Every structure is written in C-alpha cells, then in structure tokens.
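Structure below is model_0.cif: mmCIF, C-alpha atoms.
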```
data_coords
#
loop_
_atom_site.label_atom_id
_atom_site.label_comp_id
_atom_site.auth_asym_id
_atom_site.auth_seq_id
_atom_site.Cartn_x
_atom_site.Cartn_y
_atom_site.Cartn_z
CA MET A 1 -0.17 25.55 20.86
CA ARG A 2 0.67 24.71 17.25
CA VAL A 3 4.25 24.36 16.07
CA SER A 4 5.43 26.19 12.96
CA THR A 5 6.45 24.11 9.96
CA THR A 6 9.49 26.29 9.44
CA SER A 7 11.43 24.39 12.06
CA ALA A 8 14.06 22.06 10.65
CA LEU A 9 13.36 18.35 10.26
CA ALA A 10 15.56 15.73 11.75
CA ALA A 11 19.00 15.33 10.23
CA GLY A 12 18.34 11.69 9.50
CA ALA A 13 15.08 12.51 7.74
CA PHE A 14 16.86 15.13 5.66
CA ALA A 15 19.43 12.58 4.58
CA THR A 16 16.66 10.24 3.56
CA LEU A 17 14.95 13.00 1.63
CA ALA A 18 18.11 13.95 -0.20
CA SER A 19 18.84 10.43 -1.32
CA ALA A 20 15.34 9.28 -2.16
CA GLY A 21 15.09 10.93 -5.57
CA ASP A 22 11.60 11.92 -6.64
CA ASN A 23 9.20 12.21 -3.74
CA TYR A 24 6.36 10.18 -5.15
CA LEU A 25 2.80 10.53 -3.90
CA GLY A 26 0.57 7.49 -4.20
CA PHE A 27 -1.75 4.94 -2.64
CA ASN A 28 -1.68 1.18 -2.13
CA SER A 29 -3.73 -1.05 -4.38
CA GLY A 30 -4.46 -4.73 -3.83
CA ALA A 31 -5.66 -7.25 -6.37
CA MET A 32 -9.11 -7.77 -4.85
CA LYS A 33 -12.21 -5.81 -3.79
CA THR A 34 -13.94 -5.90 -0.42
CA ASP A 35 -16.23 -8.67 -1.63
CA ASN A 36 -13.17 -10.75 -2.56
CA SER A 37 -13.86 -10.43 -6.27
CA ALA A 38 -10.97 -9.60 -8.56
CA LYS A 39 -10.02 -6.17 -9.78
CA PHE A 40 -9.63 -5.73 -13.51
CA LYS A 41 -8.42 -2.93 -15.75
CA SER A 42 -11.57 -0.84 -15.30
CA ASP A 43 -11.23 -1.01 -11.51
CA PHE A 44 -7.62 0.11 -11.57
CA LEU A 45 -8.46 2.86 -14.06
CA ALA A 46 -11.10 4.20 -11.70
CA GLU A 47 -8.62 4.25 -8.82
CA PHE A 48 -5.81 5.89 -10.77
CA ASN A 49 -8.03 8.57 -12.30
CA THR A 50 -9.50 9.48 -8.93
CA ALA A 51 -6.08 9.59 -7.28
CA GLN A 52 -4.78 12.05 -9.85
CA ASN A 53 -7.77 14.36 -9.50
CA LEU A 54 -8.38 14.57 -5.77
CA LYS A 55 -9.70 17.97 -4.73
CA GLY A 56 -7.43 19.84 -2.33
CA ALA A 57 -4.60 17.30 -2.51
CA PRO A 58 -1.13 18.61 -1.56
CA GLY A 59 0.26 17.30 -4.85
CA LYS A 60 -0.56 14.92 -7.67
CA PHE A 61 -1.06 11.37 -6.45
CA ASP A 62 0.12 9.72 -9.63
CA ALA A 63 1.89 6.68 -8.18
CA VAL A 64 0.65 3.33 -6.93
CA ARG A 65 2.09 0.56 -4.83
CA LEU A 66 1.11 -2.97 -5.90
CA TYR A 67 1.48 -6.13 -3.84
CA THR A 68 1.81 -8.56 -6.73
CA ASN A 69 2.45 -8.71 -10.48
CA ILE A 70 -0.13 -11.47 -10.95
CA GLN A 71 -3.71 -10.90 -12.08
CA ALA A 72 -6.27 -12.32 -9.66
CA TYR A 73 -7.75 -15.71 -10.63
CA SER A 74 -4.66 -16.56 -12.67
CA THR A 75 -1.39 -18.30 -12.01
CA SER A 76 1.02 -16.03 -13.86
CA ASP A 77 -0.90 -13.56 -16.04
CA PRO A 78 0.24 -9.94 -15.64
CA ILE A 79 -1.97 -7.87 -13.37
CA GLN A 80 -4.26 -5.54 -15.30
CA ALA A 81 -3.07 -2.65 -13.18
CA PHE A 82 -0.25 -2.51 -15.74
CA ASP A 83 -2.74 -1.69 -18.51
CA ALA A 84 -4.37 1.01 -16.40
CA ALA A 85 -1.03 2.50 -15.36
CA VAL A 86 0.16 2.79 -18.95
CA GLU A 87 -3.10 4.47 -19.96
CA THR A 88 -3.04 6.96 -17.07
CA LYS A 89 0.75 7.41 -16.83
CA THR A 90 0.67 6.20 -13.24
CA LYS A 91 4.06 5.40 -11.72
CA ILE A 92 4.36 1.94 -10.19
CA LEU A 93 6.09 0.56 -7.13
CA LEU A 94 6.00 -3.14 -8.02
CA GLY A 95 5.49 -5.81 -5.41
CA LEU A 96 6.31 -9.52 -5.43
CA TRP A 97 4.56 -11.73 -2.89
CA THR A 98 7.17 -13.80 -1.05
CA SER A 99 5.51 -15.24 2.06
CA GLY A 100 4.65 -18.91 2.24
CA THR A 101 6.39 -19.81 -0.99
CA ASP A 102 9.76 -21.13 -2.12
CA SER A 103 9.52 -19.60 -5.59
CA ILE A 104 8.86 -16.23 -7.21
CA ASP A 105 8.86 -17.70 -10.72
CA ASN A 106 5.20 -16.90 -11.36
CA GLU A 107 5.65 -13.34 -10.14
CA MET A 108 8.60 -12.88 -12.49
CA THR A 109 6.76 -14.55 -15.38
CA ALA A 110 3.85 -12.13 -14.96
CA LEU A 111 6.17 -9.14 -14.93
CA LYS A 112 8.10 -10.34 -17.96
CA SER A 113 4.82 -10.79 -19.83
CA GLY A 114 3.77 -7.27 -18.91
CA LEU A 115 7.08 -5.84 -20.08
CA LYS A 116 6.85 -7.82 -23.31
CA LYS A 117 3.37 -6.44 -23.95
CA PHE A 118 4.05 -2.79 -23.12
CA GLY A 119 7.82 -2.44 -23.47
CA LYS A 120 9.24 0.87 -22.29
CA ASP A 121 5.76 2.33 -21.89
CA LEU A 122 5.52 0.17 -18.77
CA ALA A 123 9.19 -0.04 -17.88
CA ASP A 124 9.54 3.74 -17.70
CA LEU A 125 6.72 3.93 -15.16
CA ILE A 126 8.32 1.48 -12.74
CA ILE A 127 9.97 3.47 -9.95
CA GLY A 128 10.94 0.59 -7.70
CA VAL A 129 10.46 -3.08 -6.90
CA SER A 130 9.61 -4.45 -3.48
CA ILE A 131 10.59 -8.06 -2.92
CA GLY A 132 8.04 -9.00 -0.30
CA SER A 133 5.75 -7.19 2.11
CA GLU A 134 5.95 -7.51 5.91
CA ASP A 135 7.36 -11.03 5.65
CA LEU A 136 9.91 -10.38 8.39
CA TYR A 137 7.26 -9.03 10.71
CA ARG A 138 5.01 -12.05 10.30
CA VAL A 139 7.74 -14.42 11.55
CA SER A 140 8.87 -12.10 14.35
CA VAL A 141 8.03 -12.55 18.02
CA THR A 142 5.46 -9.75 17.83
CA GLY A 143 3.98 -10.97 14.57
CA LEU A 144 3.50 -14.53 15.78
CA LYS A 145 2.05 -13.28 19.05
CA ASN A 146 -0.54 -11.24 17.17
CA ASP A 147 -1.23 -14.00 14.64
CA PRO A 148 0.18 -17.44 15.52
CA THR A 149 -0.97 -18.80 12.16
CA GLY A 150 0.73 -16.07 10.15
CA VAL A 151 3.00 -17.13 7.31
CA GLY A 152 5.99 -14.96 6.53
CA ALA A 153 9.60 -15.35 5.44
CA GLY A 154 12.97 -14.86 7.10
CA PRO A 155 15.87 -12.71 5.92
CA ASP A 156 17.56 -15.63 4.18
CA VAL A 157 14.50 -16.18 1.98
CA ILE A 158 14.08 -12.50 1.17
CA THR A 159 17.74 -12.04 0.23
CA LYS A 160 17.60 -15.16 -1.93
CA PHE A 161 14.62 -13.80 -3.83
CA ILE A 162 16.32 -10.42 -4.24
CA LYS A 163 19.31 -12.11 -5.88
CA GLU A 164 17.03 -14.15 -8.14
CA PHE A 165 15.09 -11.10 -9.24
CA LYS A 166 18.20 -9.07 -10.01
CA SER A 167 19.66 -11.93 -12.01
CA ASN A 168 16.47 -12.45 -14.03
CA PHE A 169 16.11 -8.79 -14.95
CA ALA A 170 19.77 -7.83 -15.28
CA ASP A 171 19.45 -7.32 -19.05
CA SER A 172 15.93 -5.90 -19.08
CA ASP A 173 14.52 -2.39 -19.37
CA ILE A 174 14.16 -2.29 -15.58
CA ALA A 175 17.69 -3.41 -14.76
CA SER A 176 18.49 -0.09 -13.09
CA VAL A 177 15.25 0.19 -11.10
CA PRO A 178 16.02 0.25 -7.34
CA ILE A 179 15.15 -2.90 -5.42
CA GLY A 180 13.75 -2.80 -1.90
CA HIS A 181 11.73 -4.66 0.69
CA VAL A 182 8.72 -3.44 2.67
CA ASP A 183 8.26 -4.26 6.35
CA THR A 184 7.19 -2.86 9.68
CA TRP A 185 9.40 -0.43 11.54
CA ASP A 186 10.20 -2.92 14.30
CA ALA A 187 11.32 -5.47 11.73
CA TRP A 188 13.86 -2.97 10.41
CA THR A 189 15.22 -2.18 13.88
CA ASN A 190 15.70 -5.89 14.57
CA GLY A 191 19.41 -6.53 14.04
CA THR A 192 18.79 -10.10 12.85
CA ASN A 193 17.28 -8.65 9.66
CA LYS A 194 20.30 -6.55 8.72
CA ALA A 195 21.11 -8.83 5.79
CA VAL A 196 18.00 -7.57 4.05
CA ILE A 197 19.02 -3.95 4.58
CA ASP A 198 22.42 -4.76 3.11
CA ALA A 199 20.83 -6.41 0.07
CA VAL A 200 18.45 -3.61 -0.97
CA ASP A 201 18.74 -0.16 -2.49
CA TRP A 202 15.97 1.31 -0.33
CA ILE A 203 13.71 0.14 2.46
CA GLY A 204 9.96 0.61 2.76
CA VAL A 205 8.31 1.06 6.14
CA ASP A 206 4.69 0.44 7.14
CA GLU A 207 3.68 2.33 10.28
CA TYR A 208 0.30 2.80 11.96
CA PRO A 209 0.23 4.66 15.29
CA TYR A 210 -3.46 3.73 15.51
CA TYR A 211 -2.37 0.17 16.36
CA GLU A 212 0.35 1.16 18.85
CA ASP A 213 -1.66 0.07 21.88
CA GLY A 214 0.16 0.52 25.16
CA LYS A 215 2.12 3.53 23.92
CA GLY A 216 -0.43 6.26 24.50
CA ASN A 217 -1.96 6.02 21.03
CA ASP A 218 -4.48 8.82 21.43
CA ILE A 219 -4.84 10.71 18.15
CA LYS A 220 -3.05 13.75 19.60
CA ASN A 221 0.03 11.59 20.14
CA SER A 222 -0.07 9.95 16.69
CA GLY A 223 2.44 12.33 15.14
CA THR A 224 4.98 11.69 17.87
CA LEU A 225 4.47 7.92 17.70
CA PHE A 226 4.98 8.03 13.96
CA ASP A 227 8.13 10.12 14.32
CA ASN A 228 9.59 7.72 16.87
CA ALA A 229 9.09 4.74 14.57
CA TYR A 230 10.13 6.55 11.40
CA ASP A 231 13.28 7.98 12.95
CA ALA A 232 14.21 4.57 14.33
CA THR A 233 13.80 3.12 10.85
CA ILE A 234 15.98 5.81 9.33
CA ALA A 235 18.67 5.12 11.93
CA ALA A 236 18.56 1.39 11.19
CA ALA A 237 18.69 1.95 7.42
CA GLY A 238 22.33 2.97 7.52
CA GLY A 239 21.94 5.87 5.11
CA LYS A 240 19.76 4.05 2.59
CA PRO A 241 16.57 5.81 1.45
CA VAL A 242 13.46 5.09 3.49
CA TRP A 243 10.14 5.12 1.66
CA VAL A 244 6.89 5.22 3.60
CA THR A 245 4.94 2.47 1.90
CA GLU A 246 1.93 2.32 4.20
CA THR A 247 0.43 4.66 6.76
CA GLY A 248 -3.01 6.02 7.38
CA TYR A 249 -5.83 6.25 9.91
CA PRO A 250 -9.26 4.61 9.87
CA TYR A 251 -12.38 6.72 9.61
CA THR A 252 -14.52 3.99 11.13
CA GLY A 253 -13.86 0.82 13.10
CA ILE A 254 -13.20 -0.54 16.56
CA LYS A 255 -11.42 1.39 19.30
CA TRP A 256 -7.80 0.25 19.64
CA GLY A 257 -6.32 1.22 22.98
CA GLN A 258 -6.77 4.98 23.14
CA ALA A 259 -7.15 5.28 19.36
CA VAL A 260 -10.61 6.08 18.04
CA ALA A 261 -11.48 5.68 14.37
CA SER A 262 -13.33 8.70 12.99
CA VAL A 263 -13.34 11.03 10.00
CA ALA A 264 -12.04 13.87 12.16
CA ASN A 265 -9.14 11.76 13.43
CA ALA A 266 -8.33 10.51 9.92
CA GLU A 267 -8.08 14.13 8.80
CA TYR A 268 -5.96 15.07 11.80
CA TYR A 269 -3.57 12.20 11.05
CA TRP A 270 -3.35 13.24 7.38
CA GLN A 271 -2.29 16.68 8.55
CA GLU A 272 0.03 15.77 11.41
CA VAL A 273 1.82 12.89 9.67
CA GLY A 274 1.24 13.27 5.94
CA CYS A 275 1.42 17.05 5.60
CA ARG A 276 3.93 17.72 8.35
CA ARG A 277 6.38 14.89 7.78
CA LEU A 278 5.88 13.07 4.48
CA PHE A 279 4.18 14.66 1.49
CA ASN A 280 6.67 16.01 -1.05
CA LYS A 281 9.49 15.13 1.35
CA THR A 282 9.89 11.38 0.87
CA PRO A 283 8.20 8.77 -1.37
CA THR A 284 4.85 8.13 0.30
CA PHE A 285 2.08 5.60 -0.39
CA TRP A 286 -0.93 6.38 1.78
CA TYR A 287 -3.30 3.76 3.08
CA ASN A 288 -5.65 4.24 1.39
CA LEU A 289 -7.67 5.62 -1.50
CA ARG A 290 -10.46 3.07 -1.16
CA ASP A 291 -11.12 0.05 1.00
CA SER A 292 -10.39 -3.30 -0.58
CA ASN A 293 -10.09 -5.64 2.38
CA GLY A 294 -13.49 -6.89 3.40
CA ALA A 295 -12.07 -8.75 6.41
CA ASN A 296 -10.58 -5.64 7.96
CA LYS A 297 -12.53 -4.32 10.94
CA GLN A 298 -11.34 -0.81 10.21
CA SER A 299 -12.00 1.27 7.09
CA PHE A 300 -9.23 3.57 5.86
CA ALA A 301 -10.50 4.96 2.55
CA ILE A 302 -10.14 8.72 2.14
CA THR A 303 -12.83 8.64 -0.56
CA ASP A 304 -16.38 7.35 -0.77
CA ASN A 305 -16.85 5.21 -3.88
CA LEU A 306 -13.79 6.81 -5.49
CA SER A 307 -15.28 10.29 -5.55
CA THR A 308 -12.70 12.99 -6.32
CA THR A 309 -14.26 14.92 -3.43
CA PRO A 310 -12.51 13.27 -0.46
CA ARG A 311 -14.03 12.28 2.86
CA PHE A 312 -12.20 15.17 4.55
CA ASN A 313 -10.24 18.25 3.56
CA LEU A 314 -6.86 17.23 2.08
CA THR A 315 -5.43 20.75 2.07
CA CYS A 316 -2.36 20.97 4.26
CA PRO A 317 -2.25 23.51 7.10
CA THR A 318 0.80 25.63 7.76
CA THR A 319 1.16 24.86 11.47
CA PHE A 320 0.95 21.61 13.40
CA ASP A 321 0.49 20.30 16.92
CA THR A 322 3.27 17.69 16.83
CA PRO A 323 6.66 18.91 18.09
CA SER A 324 9.44 18.77 15.53
CA SER A 325 11.34 15.51 15.43
CA THR A 326 14.81 15.64 16.89
CA SER A 327 17.86 14.15 15.19
CA SER A 328 16.90 10.70 13.97
CA SER A 329 20.27 9.39 15.01
CA SER A 330 19.92 10.54 18.57
CA SER A 331 16.27 9.60 18.91
CA SER A 332 16.81 6.05 17.86
CA SER A 333 20.30 5.16 18.95
CA GLY A 334 20.69 1.50 19.62
CA THR A 335 17.44 0.53 17.95
CA SER A 336 19.20 -1.36 15.19
CA THR A 337 19.98 -4.12 17.64
CA ALA A 338 16.56 -4.26 19.24
CA THR A 339 14.57 -7.42 18.78
CA SER A 340 11.34 -7.30 16.85
CA GLY A 341 9.54 -8.56 19.87
CA SER A 342 10.38 -5.38 21.69
CA SER A 343 7.68 -3.31 20.09
CA THR A 344 4.28 -3.63 21.61
CA GLY A 345 1.02 -4.34 20.08
CA SER A 346 1.70 -3.20 16.62
CA VAL A 347 -0.82 -4.38 14.17
CA SER A 348 -1.13 -3.68 10.58
CA PRO A 349 -4.06 -3.77 8.39
CA THR A 350 -2.01 -5.50 5.90
CA SER A 351 0.39 -7.78 7.48
CA SER A 352 -0.86 -8.97 10.70
CA ALA A 353 -0.62 -7.07 13.79
CA THR A 354 1.95 -4.47 14.13
CA GLY A 355 1.13 -1.02 14.65
CA SER A 356 3.09 -0.68 11.59
CA SER A 357 1.12 -1.74 8.74
CA GLY A 358 -1.92 -0.70 7.22
CA SER A 359 -4.49 -2.57 5.64
CA GLY A 360 -4.17 -4.24 2.84
CA SER A 361 -1.96 -5.93 0.73
CA SER A 362 -2.80 -9.45 0.95
CA SER A 363 -1.52 -12.20 -1.03
CA ALA A 364 -0.59 -11.93 -4.37
CA SER A 365 -3.54 -12.12 -6.41
CA GLY A 366 -5.84 -14.81 -6.17
CA THR A 367 -3.30 -16.99 -7.82
CA SER A 368 -3.60 -20.72 -7.51
CA SER A 369 -1.72 -22.56 -4.85
CA ALA A 370 0.72 -23.54 -7.54
CA GLY A 371 1.53 -19.92 -8.16
CA SER A 372 4.66 -18.33 -6.89
CA SER A 373 2.78 -15.71 -4.99
CA ALA A 374 1.35 -16.91 -1.78
CA SER A 375 -1.36 -19.44 -2.21
CA SER A 376 -4.70 -18.90 -0.62
CA THR A 377 -3.61 -20.84 2.40
CA THR A 378 -0.84 -18.37 3.20
CA ALA A 379 -3.21 -15.56 3.89
CA PRO A 380 -1.36 -12.86 2.13
CA ASP A 381 -3.01 -10.00 3.81
CA SER A 382 -1.11 -7.05 4.62
CA GLY A 383 -1.84 -5.81 8.02
CA ALA A 384 -4.25 -5.36 10.73
CA ALA A 385 -6.70 -7.08 8.68
CA SER A 386 -4.51 -10.04 8.58
CA LEU A 387 -5.65 -10.81 12.06
CA THR A 388 -8.99 -11.90 10.67
CA MET A 389 -8.17 -12.67 7.08
CA MET A 390 -6.48 -15.96 7.60
CA GLY A 391 -9.78 -17.65 8.20
CA ALA A 392 -11.39 -15.96 5.23
CA THR A 393 -8.55 -16.98 2.97
CA PHE A 394 -8.81 -20.57 4.05
CA VAL A 395 -12.55 -20.64 3.42
CA ALA A 396 -12.04 -19.19 -0.03
CA ALA A 397 -9.47 -21.86 -0.73
CA LEU A 398 -12.00 -24.53 0.06
CA PHE A 399 -14.04 -23.30 -2.88
CA GLY A 400 -11.06 -23.29 -5.17
CA ALA A 401 -10.65 -19.55 -5.28
CA THR A 402 -7.19 -18.45 -4.40
CA LEU A 403 -7.78 -14.96 -3.17
CA ALA A 404 -5.48 -12.08 -2.78
CA LEU A 405 -7.08 -10.36 0.12
CA PHE A 406 -5.95 -6.75 0.10
#
```

Step by step, read the file and then write its structure as structure tokens.
Amino acid sequence: MRVSTTSALAAGAFATLASAGDNYLGFNSGAMKTDNSAKFKSDFLAEFNTAQNLKGAPGKFDAVRLYTNIQAYSTSDPIQAFDAAVETKTKILLGLWTSGTDSIDNEMTALKSGLKKFGKDLADLIIGVSIGSEDLYRVSVTGLKNDPTGVGAGPDVITKFIKEFKSNFADSDIASVPIGHVDTWDAWTNGTNKAVIDAVDWIGVDEYPYYEDGKGNDIKNSGTLFDNAYDATIAAAGGKPVWVTETGYPYTGIKWGQAVASVANAEYYWQEVGCRRLFNKTPTFWYNLRDSNGANKQSFAITDNLSTTPRFNLTCPTTFDTPSSTSSSSSSSGTSTATSGSSTGSVSPTSSATGSSGSGSSSASGTSSAGSSASSTTAPDSGAASLTMMGATFVAALFGATLALF
C-alpha cells in the first residue's frame, strides 16, 4: 500500500530544511565528457538550458554543482561553466579539488580570475563552496577496501584548505558565501572526521542505495536505505544544514547486489527519494542530467543527448511506497561515533566505492600535474566509477593529458 505524503517528516530533516535557506534544485557537472574530451562554454550552456526546461520537472533546475574551478586542459584558467552560468543565470555550488594535493592555489587562482572577469554577475550566482569531494571516504577503511589505490585527504588537510580559502576570499564578493565539504554519509558518521563538521557552515552528502550491497538494496527498499543514511548524516551534522549533493539511480548497467539498473527503477527512485524526501525540501543536486564519465559501468543520465523530454516521467506522485522516516535523532543515535569502515559495500560513481556517491566528479579538470587540483595520477573521479577510473586516468597521464574524469 502507498503511504500518503501528508505525514510529517523527521524532526531532524525538518531542522535541516529550516536552516538550509533556499532549496536549490540542480545537477552535477564535471569538467569532461564521456570520451574524456574537455567541456567548454557551449557544452555547459547546453546542460544548463536543458536543466531549466525539463518537461514535467517538480521545479526549476537552475543550479549546478561543479567539482573544480579550473578549465580542463589548463593549469589555472577559470572553468568555462562560469561563462555559461552567467549567461543562463544558473546558480553555482563551487567545488575545489583537494585529493592528492598539498595546495589549492590553482583552484583559488581560477576562481579569482573568474570573479575578476564577471564581478558580481558571477559572485551573486555562487550559493556555496565545497572544499573537496569525498576525500574523507577515499582514505577510510571502506574506501581503501573498495579501491586500494584511491587518493583522498584526511580531516587535517580539509580543515587546512578551508582556512586557506576563507582567508583568501575574506574581502571578496563571496566572503559571506557558506563553506562546506562533500562526502559520503559514512564519512560524516565517523567521529574522527568531526573536525571537518566543526569547520564548515553546511555539509554535503553523497548517497546511492543502488551500491548498498548487503543491505537489501532491492529498488523497493531504496527509499528506506536512503532515509537511514540521510537521517544518520543529519544526526551527525549537529544542527548544521545538510545538502544532498549527489544521489540518483542508473538506468542501465551491471547488477549490484539486489539492485538492477533500469529506466523503470530510475523513475521509481526519482519518485521515492527525490519527490518524497528531497525536492523543494533541501538543496538537492541530482546525479545526473547527462553521463560524463566514460569509465563508469553504470549510466545515470535522466536525459538522452540533453533532450528536454526526459528518459522517464519527472512529475511527482502524491503518494509513495516508502514509510515515513522517523525522528532522525532516534533513528541514528550513536552513529556519530561509528567508524567509516562500518558501512558495507558503499560505492559511489564519483568517489570510489561507497554506496554513497554517484558518478562523477572526478578530478579537477584536466589540469596539469602541477595544478592544485588533483593531477591525473590522483584519479579524481567521484564515485562508483572511481573503481575503474584510476587506470584510465593513469593511461591518460602517460599521453600528457591530465584529465578530470567526471
């Protein structure tokens, strides 16, 4: 039987909603295409225009989450997504790549150049800044188990970069923009990472029930699995806003445990997680509008070739199968001290393997190994795909192309 949407959401989720400000709707966008060629202004324009005109969407998807400020094939040039965002009035959640590097200077140089070029036209579109993406996960017990060659960063590195960024932009037009960090849900519930929570204004969580092998990850249980992880993240956040920076379901790909990739299941997940729990309730960046990670064995795009007619019906139903989440505080008590290795089999299409991340961020942007964003050898993918992308990144490096695999 389906459960009515009129039932109250968890108290913890309500607190997050109330403190999150505008409930942005957007997608993730990496610096590269599936063929590992760079995206340029025209590519970002196509994405942003499609996102804002999707038929049947439950709101206007006029925000984007980036993984780097650096244009692919450059060391510190501003990413041309800035140009496209200004032209389309697309709000931006900035990202700085922080894994496998001891400097974010090139990331900051690229952002400063973009702000110098566009001034407040760009600054006013920036809704947040994420210092890093799934870095904590990649050096966790689970992350290293899923990808022993993964390169991440610990809480001391992330907090150092947060301080550097705030200092460098203290007198800029984005001085008041909230600073956060994006990671998997089990990284946030790991008490050893609390210093990062203390250092940020908001936290971003990447969660993919599709990859939660060993937890009964049949599509009919995906809503409950998402709720469990999301509520645990809210409990660990200590009252700070929680943004959902990656989630989605593949429409094609390999079977993962009980999870089957299909268009029907991708639509069901959109309804049971997006419509029921996220859209217009908390800042949400779906994974994804189009596929950009050629190394990923799953495809998540809700559109075919950026058509405004989506792969499935985006209209939200009024009733759902997933039972209402209980109080986030009661459902996740004690999780803040859990170790990251406690979660099982999470994998993320973007960070490595954690049922918590989606597919795509990937290193900064095809910057050179001298760049501050991860060099090609750090395999800056962002998720499940990262399981296979390390090898691809290394091969690309051999040919002198520092790729930002999405």

Task: Expansion of the PyMOL selection byres ((chain A and resi 226) around 10) into residues, as a list in words - done: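 That selection, the PyMOL selection byres ((chain A and resi 226) around 10), comes back as Trp185, Glu207, Tyr208, Pro209, Tyr210, Glu212, Asn221, Ser222, Gly223, Thr224, Leu225, Asp227, Asn228, Ala229, Tyr230, Asp231, Ala232, Thr247, Tyr269, Glu272, Val273, Arg277, Ser325, Gly355 and Ser356 of chain A.
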
Task: Residues within 10 Å of A:Ile254, only C-alpha atoms, excluding chain neighbours under 3 positions, as a VMD selection string - done: chain A and resid 250 257 259 to 262 297 to 299

Could you turn the residues from that selection into a file that holds C-alpha atoms, as a CSV table (one decimal), in the coordinates of the input?
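Saved file again.csv follows:
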```
chain,number,residue,atom,x,y,z
A,250,PRO,CA,-9.3,4.6,9.9
A,257,GLY,CA,-6.3,1.2,23.0
A,259,ALA,CA,-7.2,5.3,19.4
A,260,VAL,CA,-10.6,6.1,18.0
A,261,ALA,CA,-11.5,5.7,14.4
A,262,SER,CA,-13.3,8.7,13.0
A,297,LYS,CA,-12.5,-4.3,10.9
A,298,GLN,CA,-11.3,-0.8,10.2
A,299,SER,CA,-12.0,1.3,7.1
```

Task: Residue nearest A:Ile174 among A:Lys215, A:Lys33, A:Lys194, A:Lys112 (counting only C-alpha atoms) - done: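 Once distances to A:Ile174 are computed over only C-alpha atoms, the minimum belongs to A:Lys112.
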
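Those DNA, RNA and protein residues that approach the point (10.4, -10.0, 2.1) to within 9 Å, considering only C-alpha atoms, are Leu96, Trp97, Thr98, Ser99, Ser130, Ile131, Gly132, Ser133, Glu134, Asp135, Leu136, Gly152, Ala153, Gly154, Pro155, Val157, Ile158, Thr159, Phe161, Ile162, Gly180, His181, Val182, Asp183 and Val196 of chain A.
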
Open item on the list: Please compute the atom CA of A:Glu164-atom CA of A:Asn106 distance, one decimal, in Å.
Closed with: 12.6 Å

Open item on the list: Expand the PyMOL selection byres ((chain A and resi 78-92) around 9) into the explicit residue set it covers here, and present it as a ChimeraX atom specification.
Closed with: /A:24,26,29,31,39-46,48-49,52,61-66,68-72,74,76-77,93-94,107,109-114,118,121-122,124-129,365

Open item on the list: Given only C-alpha atoms as the basis, pick out the residue of A:Asn28, A:Asn23, A:Asn190, A:Thr50 nearest to A:Ser292.
Closed with: A:Asn28

Open item on the list: For a quick check of understanding, using only C-alpha atoms, which of A:Ala57, A:Phe312, A:Asp156, A:Trp243 has the smallest distance to A:Asp206?
Closed with: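 For A:Asp206, the nearest of the given residues is A:Trp243.
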
TODO: Work out how far atom CA of A:Ser307 is from atom CA of A:Leu54, in Å to one decimal.
DONE: 8.1 Å
